[in-house]
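Raw run07.cif, mmCIF, C-alpha atoms:
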data_coords
loop_
_atom_site.label_atom_id
_atom_site.label_comp_id
_atom_site.auth_asym_id
_atom_site.auth_seq_id
_atom_site.Cartn_x
_atom_site.Cartn_y
_atom_site.Cartn_z
CA MET A 19 -49.99 -25.46 -55.93
CA ARG A 20 -46.36 -25.13 -57.00
CA LYS A 21 -46.72 -21.34 -57.13
CA ILE A 22 -48.21 -21.25 -53.65
CA GLY A 23 -45.45 -23.51 -52.30
CA LEU A 24 -42.72 -21.34 -53.82
CA ALA A 25 -44.24 -18.19 -52.38
CA ALA A 26 -44.48 -19.78 -48.95
CA LEU A 27 -40.84 -20.81 -49.15
CA VAL A 28 -39.77 -17.25 -50.01
CA ILE A 29 -41.80 -15.86 -47.10
CA LEU A 30 -40.38 -18.41 -44.66
CA THR A 31 -36.83 -17.61 -45.78
CA ALA A 32 -37.40 -13.89 -45.34
CA LEU A 33 -38.88 -14.42 -41.90
CA SER A 34 -35.89 -16.57 -40.93
CA VAL A 35 -33.44 -13.85 -42.00
CA LEU A 36 -35.40 -11.20 -40.11
CA ALA A 37 -35.49 -13.36 -36.99
CA GLY A 38 -31.74 -13.83 -37.25
CA CYS A 39 -31.20 -10.10 -37.52
CA ALA A 40 -33.49 -9.49 -34.57
CA GLN A 41 -31.61 -12.07 -32.55
CA LYS A 42 -28.29 -10.37 -33.33
CA LYS A 43 -29.64 -6.99 -32.27
CA GLU A 44 -30.92 -8.39 -29.00
CA SER A 45 -27.67 -10.11 -27.95
CA PRO A 46 -26.29 -8.27 -24.88
CA ALA A 47 -22.98 -6.43 -24.94
CA PRO A 48 -20.16 -8.21 -23.08
CA GLU A 49 -20.00 -7.28 -19.40
CA LYS A 50 -17.25 -4.95 -18.25
CA ILE A 51 -14.44 -6.35 -16.14
CA VAL A 52 -14.69 -4.64 -12.75
CA ILE A 53 -11.57 -4.03 -10.65
CA LYS A 54 -12.31 -2.78 -7.15
CA LEU A 55 -9.17 -1.03 -5.87
CA GLY A 56 -9.16 -0.04 -2.19
CA HIS A 57 -6.68 1.86 0.00
CA VAL A 58 -6.71 3.59 3.40
CA GLU A 59 -5.33 6.99 2.45
CA ALA A 60 -6.86 10.42 1.79
CA GLU A 61 -7.66 11.71 -1.71
CA ASP A 62 -4.82 14.26 -1.76
CA ARG A 63 -2.15 11.63 -1.05
CA SER A 64 0.33 10.41 -3.68
CA THR A 65 -1.20 6.94 -3.41
CA HIS A 66 -4.67 8.13 -4.43
CA LYS A 67 -3.29 10.35 -7.21
CA ALA A 68 -1.46 7.33 -8.60
CA CYS A 69 -4.66 5.27 -8.41
CA LEU A 70 -6.51 7.88 -10.48
CA GLU A 71 -3.81 7.72 -13.18
CA PHE A 72 -3.94 3.92 -13.11
CA GLU A 73 -7.73 4.02 -13.53
CA LYS A 74 -7.47 6.40 -16.49
CA TYR A 75 -4.74 4.34 -18.19
CA VAL A 76 -6.43 0.95 -17.80
CA GLU A 77 -9.85 2.16 -18.90
CA GLU A 78 -8.45 4.00 -21.94
CA GLN A 79 -6.09 1.23 -23.02
CA SER A 80 -8.82 -1.41 -22.65
CA LYS A 81 -11.21 0.80 -24.67
CA GLY A 82 -13.75 0.67 -21.89
CA ARG A 83 -13.67 -3.08 -21.35
CA VAL A 84 -12.37 -2.57 -17.79
CA ASP A 85 -14.05 -0.50 -15.07
CA VAL A 86 -11.62 0.45 -12.28
CA GLN A 87 -13.48 1.48 -9.12
CA ILE A 88 -11.38 3.27 -6.47
CA PHE A 89 -12.32 3.21 -2.78
CA ALA A 90 -10.19 5.62 -0.70
CA ASN A 91 -10.09 6.41 3.03
CA GLY A 92 -10.53 2.82 4.15
CA GLN A 93 -14.05 2.51 2.73
CA LEU A 94 -13.47 -1.22 2.26
CA GLY A 95 -11.69 -1.68 5.60
CA GLY A 96 -8.18 -1.33 6.97
CA ASP A 97 -5.03 -2.69 5.32
CA ARG A 98 -5.39 -6.06 7.01
CA GLN A 99 -9.06 -6.47 6.06
CA MET A 100 -8.49 -5.45 2.43
CA THR A 101 -5.47 -7.73 2.10
CA GLU A 102 -7.61 -10.61 3.35
CA GLY A 103 -10.27 -9.53 0.85
CA VAL A 104 -7.77 -9.76 -2.01
CA ALA A 105 -6.57 -13.18 -0.83
CA LEU A 106 -10.20 -14.39 -0.73
CA GLY A 107 -11.18 -12.66 -3.97
CA THR A 108 -13.92 -10.47 -2.46
CA ILE A 109 -12.08 -7.41 -3.80
CA GLN A 110 -9.57 -7.39 -6.63
CA MET A 111 -6.79 -4.96 -5.66
CA THR A 112 -5.37 -3.02 -2.72
CA LEU A 113 -2.19 -1.19 -1.68
CA PRO A 114 -1.48 -2.10 1.96
CA ALA A 115 1.52 -1.32 4.13
CA THR A 116 3.85 -4.31 3.85
CA SER A 117 3.62 -4.80 7.63
CA VAL A 118 0.33 -6.66 7.17
CA PHE A 119 2.14 -9.30 5.10
CA THR A 120 3.95 -10.49 8.23
CA ALA A 121 0.70 -12.33 9.04
CA TYR A 122 1.37 -14.49 5.96
CA ASN A 123 5.11 -14.89 6.36
CA LYS A 124 7.44 -13.50 9.05
CA LYS A 125 10.16 -12.79 6.46
CA PHE A 126 8.24 -9.64 5.51
CA GLY A 127 9.33 -8.29 8.89
CA ILE A 128 12.65 -7.40 7.28
CA LEU A 129 10.95 -4.35 5.74
CA ASP A 130 9.83 -3.14 9.18
CA MET A 131 13.29 -3.28 10.74
CA PRO A 132 14.51 0.17 11.84
CA PHE A 133 17.30 1.73 9.78
CA ILE A 134 17.44 -1.38 7.56
CA PHE A 135 17.86 0.72 4.37
CA LYS A 136 20.32 3.61 4.20
CA ASN A 137 17.80 5.56 2.06
CA GLU A 138 14.67 5.02 0.00
CA GLN A 139 16.62 4.38 -3.21
CA ALA A 140 18.36 1.38 -1.64
CA GLY A 141 14.90 0.10 -0.69
CA PHE A 142 13.60 0.57 -4.24
CA LYS A 143 16.55 -1.33 -5.71
CA ALA A 144 16.09 -4.21 -3.25
CA LEU A 145 12.34 -4.48 -3.86
CA ASP A 146 12.75 -4.19 -7.64
CA GLY A 147 15.43 -6.86 -7.43
CA GLU A 148 16.15 -10.11 -5.66
CA LEU A 149 14.47 -9.20 -2.36
CA GLY A 150 11.21 -8.28 -4.10
CA GLU A 151 11.22 -11.47 -6.17
CA MET A 152 11.65 -13.57 -3.04
CA LEU A 153 8.86 -11.78 -1.16
CA ASN A 154 6.49 -11.92 -4.15
CA LYS A 155 6.77 -15.72 -4.23
CA LEU A 156 5.72 -15.86 -0.58
CA LEU A 157 2.56 -13.87 -1.37
CA LEU A 158 1.78 -16.00 -4.41
CA GLU A 159 1.54 -19.02 -2.10
CA LYS A 160 -1.41 -17.22 -0.45
CA GLY A 161 -3.25 -16.46 -3.69
CA ILE A 162 -1.90 -12.91 -3.93
CA TYR A 163 -0.06 -11.57 -6.98
CA CYS A 164 2.22 -8.60 -6.29
CA PHE A 165 3.18 -6.17 -9.08
CA GLY A 166 5.78 -4.51 -6.86
CA TYR A 167 6.13 -1.95 -4.09
CA ASN A 168 5.64 1.78 -3.93
CA TYR A 169 6.70 4.22 -1.21
CA ASN A 170 4.95 5.46 1.91
CA GLY A 171 7.77 7.72 3.05
CA ALA A 172 10.29 7.86 5.89
CA ARG A 173 8.45 7.31 9.17
CA ASN A 174 8.86 9.91 11.91
CA ILE A 175 7.34 10.17 15.39
CA SER A 176 4.58 12.58 16.38
CA ASN A 177 3.17 12.86 19.90
CA ASN A 178 1.59 15.16 22.47
CA VAL A 179 3.96 14.57 25.41
CA ARG A 180 7.34 16.00 24.44
CA PRO A 181 9.77 16.36 21.51
CA ILE A 182 11.66 13.12 20.86
CA HIS A 183 15.42 13.67 20.62
CA GLU A 184 16.69 10.33 21.93
CA PRO A 185 15.23 7.01 23.12
CA LYS A 186 14.77 8.10 26.75
CA ASP A 187 12.25 10.72 25.55
CA LEU A 188 9.90 7.91 24.52
CA LYS A 189 9.69 6.40 27.99
CA GLY A 190 6.03 5.90 28.92
CA VAL A 191 4.67 7.42 25.70
CA LYS A 192 1.64 5.50 24.40
CA MET A 193 2.45 4.95 20.71
CA ARG A 194 0.06 3.67 18.09
CA THR A 195 1.86 1.14 15.92
CA MET A 196 0.94 -0.91 12.89
CA GLU A 197 -0.32 -4.43 13.54
CA SER A 198 3.15 -5.88 13.08
CA PRO A 199 5.21 -7.71 15.74
CA VAL A 200 8.33 -5.95 14.50
CA TYR A 201 6.85 -2.47 14.98
CA ILE A 202 5.49 -3.43 18.40
CA ASP A 203 8.95 -4.63 19.46
CA LEU A 204 10.61 -1.55 17.96
CA PHE A 205 8.78 0.76 20.34
CA LYS A 206 9.14 -1.61 23.29
CA TYR A 207 12.92 -1.53 22.86
CA LEU A 208 12.79 2.27 22.68
CA GLY A 209 10.89 2.44 25.98
CA ALA A 210 7.45 3.44 24.68
CA ASN A 211 4.12 1.69 25.30
CA PRO A 212 3.10 0.37 21.84
CA THR A 213 -0.59 -0.01 20.97
CA PRO A 214 -1.31 -1.81 17.67
CA MET A 215 -4.25 -0.23 15.88
CA SER A 216 -5.83 -0.06 12.42
CA PHE A 217 -4.97 3.16 10.58
CA GLY A 218 -8.59 4.25 10.31
CA GLU A 219 -8.86 4.44 14.10
CA VAL A 220 -5.77 6.57 14.71
CA TYR A 221 -7.15 10.12 14.40
CA THR A 222 -9.90 9.50 16.93
CA ALA A 223 -7.50 7.69 19.28
CA LEU A 224 -5.13 10.68 19.19
CA GLN A 225 -7.97 13.13 19.63
CA GLN A 226 -9.37 11.27 22.65
CA GLY A 227 -5.97 10.58 24.21
CA THR A 228 -6.27 6.80 23.89
CA VAL A 229 -2.72 7.01 22.53
CA ASP A 230 -0.19 9.86 22.82
CA GLY A 231 1.48 9.49 19.47
CA GLN A 232 1.93 7.71 16.15
CA GLU A 233 4.58 7.45 13.46
CA ASN A 234 4.18 8.16 9.77
CA ALA A 235 5.70 10.14 6.91
CA ALA A 236 5.14 13.90 6.84
CA SER A 237 2.91 13.78 3.77
CA LEU A 238 0.61 11.23 5.37
CA VAL A 239 0.54 13.09 8.71
CA TYR A 240 -0.55 16.26 6.90
CA ALA A 241 -3.05 14.60 4.55
CA THR A 242 -4.71 12.78 7.45
CA LYS A 243 -4.78 16.00 9.52
CA PHE A 244 -2.88 14.46 12.42
CA HIS A 245 -1.35 17.91 12.95
CA GLU A 246 -4.75 18.95 14.31
CA VAL A 247 -4.37 16.54 17.23
CA GLN A 248 -0.57 16.31 17.61
CA LYS A 249 1.90 18.89 18.90
CA TYR A 250 5.41 17.48 18.27
CA TYR A 251 6.94 15.90 15.15
CA SER A 252 10.43 14.41 15.48
CA LEU A 253 12.36 13.47 12.33
CA THR A 254 13.60 10.08 13.51
CA GLY A 255 13.37 8.49 10.04
CA HIS A 256 13.42 5.13 11.81
CA THR A 257 12.00 3.16 8.89
CA HIS A 258 11.28 3.58 5.19
CA SER A 259 7.74 2.39 4.63
CA PHE A 260 6.51 0.59 1.52
CA LEU A 261 3.13 -0.44 0.15
CA GLY A 262 2.53 -3.65 -1.78
CA VAL A 263 0.59 -3.32 -5.06
CA ILE A 264 -1.44 -6.54 -4.95
CA ILE A 265 -4.24 -8.27 -6.87
CA ASN A 266 -6.08 -11.56 -6.42
CA ASP A 267 -3.98 -14.07 -8.36
CA LYS A 268 -6.88 -16.17 -9.67
CA PHE A 269 -8.69 -13.06 -10.89
CA TYR A 270 -5.54 -11.67 -12.54
CA LYS A 271 -4.56 -14.93 -14.26
CA GLY A 272 -8.17 -15.31 -15.45
CA LEU A 273 -8.12 -12.02 -17.38
CA PRO A 274 -7.65 -12.02 -21.18
CA ALA A 275 -3.95 -11.81 -22.03
CA ASP A 276 -4.19 -8.27 -23.43
CA ILE A 277 -6.01 -7.03 -20.32
CA GLN A 278 -3.41 -8.69 -18.07
CA LYS A 279 -0.69 -6.74 -19.86
CA ILE A 280 -2.60 -3.46 -19.62
CA VAL A 281 -3.17 -3.92 -15.87
CA ALA A 282 0.47 -4.93 -15.26
CA ASP A 283 1.84 -2.03 -17.32
CA GLY A 284 -0.49 0.43 -15.59
CA ALA A 285 0.48 -0.86 -12.16
CA ARG A 286 4.19 -0.45 -12.89
CA LYS A 287 3.90 2.96 -14.55
CA TYR A 288 1.52 4.61 -12.12
CA LEU A 289 0.99 2.68 -8.89
CA ILE A 290 4.75 2.14 -8.50
CA ASP A 291 7.01 4.46 -10.53
CA TYR A 292 4.76 7.54 -10.65
CA GLN A 293 3.73 7.16 -7.00
CA ARG A 294 7.36 6.87 -5.84
CA GLU A 295 8.23 10.02 -7.77
CA LEU A 296 5.40 11.96 -6.16
CA GLU A 297 6.14 10.75 -2.64
CA THR A 298 9.90 11.41 -2.67
CA LYS A 299 9.41 14.87 -4.18
CA ASP A 300 6.81 15.92 -1.61
CA ASN A 301 8.60 15.06 1.66
CA SER A 302 10.39 18.37 2.38
CA LYS A 303 7.37 20.37 1.32
CA TYR A 304 5.11 18.59 3.80
CA ILE A 305 7.54 19.03 6.68
CA GLU A 306 7.34 22.78 6.09
CA MET A 307 3.55 22.58 5.86
CA LEU A 308 3.42 20.82 9.24
CA LYS A 309 5.51 23.62 10.74
CA GLN A 310 3.18 26.21 9.24
CA ALA A 311 0.21 24.29 10.66
CA GLY A 312 1.65 24.75 14.16
CA MET A 313 3.57 21.53 14.82
CA GLN A 314 6.90 21.78 16.62
CA VAL A 315 9.36 19.91 14.37
CA ASN A 316 12.81 18.79 15.51
CA GLU A 317 15.64 16.96 13.77
CA ILE A 318 17.79 14.21 15.32
CA THR A 319 21.50 14.93 15.77
CA PRO A 320 24.03 12.31 14.58
CA GLU A 321 24.94 11.62 18.23
CA ASN A 322 21.31 10.95 19.16
CA HIS A 323 20.80 8.86 16.04
CA GLU A 324 23.52 6.53 17.30
CA LYS A 325 21.65 6.25 20.60
CA PHE A 326 18.60 4.95 18.70
CA VAL A 327 20.80 2.45 16.83
CA ALA A 328 22.39 1.25 20.08
CA ALA A 329 19.01 0.87 21.81
CA LEU A 330 17.77 -1.29 18.95
CA LYS A 331 20.79 -3.61 18.76
CA PRO A 332 19.11 -6.31 20.92
CA MET A 333 16.13 -6.17 18.57
CA TYR A 334 18.41 -6.91 15.61
CA GLU A 335 19.87 -9.89 17.45
CA LYS A 336 16.35 -11.24 18.06
CA TYR A 337 15.12 -10.83 14.49
CA GLN A 338 18.26 -12.04 12.81
CA LYS A 339 17.32 -15.37 14.37
CA GLU A 340 13.58 -15.14 13.71
CA ILE A 341 13.60 -13.72 10.17
CA GLY A 342 16.88 -15.28 9.12
CA GLN A 343 20.38 -13.89 8.74
CA ASP A 344 20.10 -14.55 4.99
CA MET A 345 17.47 -11.80 4.69
CA PHE A 346 19.69 -9.28 6.47
CA ASP A 347 22.64 -10.25 4.27
CA LEU A 348 20.49 -9.82 1.15
CA VAL A 349 19.41 -6.31 2.17
CA ALA A 350 23.02 -5.37 2.99
CA LYS A 351 23.91 -5.88 -0.70
CA TYR A 352 21.66 -2.99 -1.65
CA ASN A 353 23.08 -0.58 0.93
CA LYS A 354 26.55 -0.57 -0.62
#
Could you write out this structure as structure tokens?
Amino acid sequence: MRKIGLAALVILTALSVLAGCAQKKESPAPEKIVIKLGHVEAEDRSTHKACLEFEKYVEEQSKGRVDVQIFANGQLGGDRQMTEGVALGTIQMTLPATSVFTAYNKKFGILDMPFIFKNEQAGFKALDGELGEMLNKLLLEKGIYCFGYNYNGARNISNNVRPIHEPKDLKGVKMRTMESPVYIDLFKYLGANPTPMSFGEVYTALQQGTVDGQENAASLVYATKFHEVQKYYSLTGHTHSFLGVIINDKFYKGLPADIQKIVADGARKYLIDYQRELETKDNSKYIEMLKQAGMQVNEITPENHEKFVAALKPMYEKYQKEIGQDMFDLVAKYNK
């Protein structure tokens, strides 16, 4: 009996070990962390190229623990819809024009003010400094974490009516604008008829004559093929446009610490610094490409530039009250 009992014990022990091994083999691998990253621009734009580098960096540095999924061309909606998605947590990341942030706090309107920065470098310094820190806190209150701001170029006017040399040339021109009260007012003060519209609708609206013109940087105009449906491109450079690099705050703070660092480092290196480098380098090249594509391009003389500034003076008076003189004073520090 003792021999039989001992044998049974050995068998039971062996079976227990085997069951344990089987259980270990059957345990599922940890699920990948998925980051859905949406934007409205075409695949040959600096923004998309930067997203591809970000994807590569994050996936390599995380050793495959993170899966970055990029959705270009507004597949997940326009800037406003994707920003709302990030705030709600239905998507993780997006890179919208900062104009959409005015829906969360009117102080973001400072970035839409015409001629507010003397050049893009002054804008970068402000957004990497005190101005950016202040604006980031406003987004955080809405559940949005902002890594910083990249560059969407100097905005110029295209249209099918006439070349724009001075404000009077805009009289009666139906201009598509971003869904921002500041941009709507900008074109009202210049004598145009502003029509706020999501970016994804613009090509068709230009093609069908719903609007006469739009305003964007040369690289974006070319990449989106607006030159196919627009005749004139006037280098007004009325605003420097920026994109926020944003992520759902709860999602971001819930990531493991090492993954948080990888995502933050990747965002800074590629979605901000690398993208800015690409966009600033490409501007002159794309102006030439628009000319070669058949657009009539004109520059603005210093005398006519002053006419734009004078026409927009009442707008400054209005928004210094609405946005706050403190914001204008802060920006002025970076223009010195």
Could you tell me which residues the PyMOL selection byres ((chain A and resi 286) around 12) grabs in this file, written as a count of residues only? 30
Need the shell around A:Asn322: protein/DNA/RNA residues with any atom at most 10 Å away, counting all atoms listed in the file. Skip same-chain ones fewer than 5 positions apart. Format as a list in words? His183, Glu184, Pro185, Thr254, Glu317, Val327 and Ala328 of chain A
Could you give me, as a tab-separated table, a per-residue list for stretch 196-287 of chain A showing, wherever an atom lies at most 7 Å from an atom of stretch 298-315 of chain A, the closest pair of atoms and their distance in Å to one decimal, using all atoms listed in the file and sorting by chain then residue number from low to high?
residue	atom	partner	partner_atom	distance
A:Ala236	CA	A:Tyr304	CA	5.6
A:Ser237	CA	A:Tyr304	CA	5.3
A:Tyr240	CA	A:Leu308	CA	6.5
A:His245	CA	A:Met313	CA	6.4
A:Lys249	CA	A:Met313	CA	5.1
A:Tyr250	CA	A:Gln314	CA	4.8
A:Tyr251	CA	A:Val315	CA	4.7
A:Ser252	CA	A:Val315	CA	5.7
Output of the PyMOL selection byres ((chain A and resi 90) around 12), listed as a PyMOL selection string: chain A and resi 54-70+87-89+91-97+100+112-114+218
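Checking A:His323, A:Arg83, A:Lys206, A:Lys74 one by one against A:Ile51, counting all atoms listed in the file, you find the shortest gap at A:Arg83.
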Of the candidates A:Ile182, A:Glu295, A:Ile277, A:Gly103, which shows the shortest atom-to-atom distance to A:Asp85, using all atoms listed in the file?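 Among the listed residues, the smallest separation from A:Asp85 belongs to A:Ile277.
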Would you list the contacts of stretch 149-163 of chain A as JSON, numbers by chain, taking every protein, DNA or RNA residue within 9 Å and counting only C-alpha atoms, but skipping same-chain residues closer than 4 positions in sequence? {"A": [101, 104, 105, 106, 107, 119, 122, 123, 125, 126, 143, 144, 145, 167, 263, 264, 265, 266, 267, 268, 270, 345, 348, 349]}
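Excluding A:Met333 and any residue on its chain fewer than 6 positions from it, the residues at most 9 Å away by only C-alpha atoms are Met131, Val200, Asp203, Leu204 and Tyr207 of chain A.
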Residue neighbourhood A:His258, 7 Å, only C-alpha atoms, exclusion window fewer than 3 positions, as an NGL selection string: :A and (138 or 171-173)
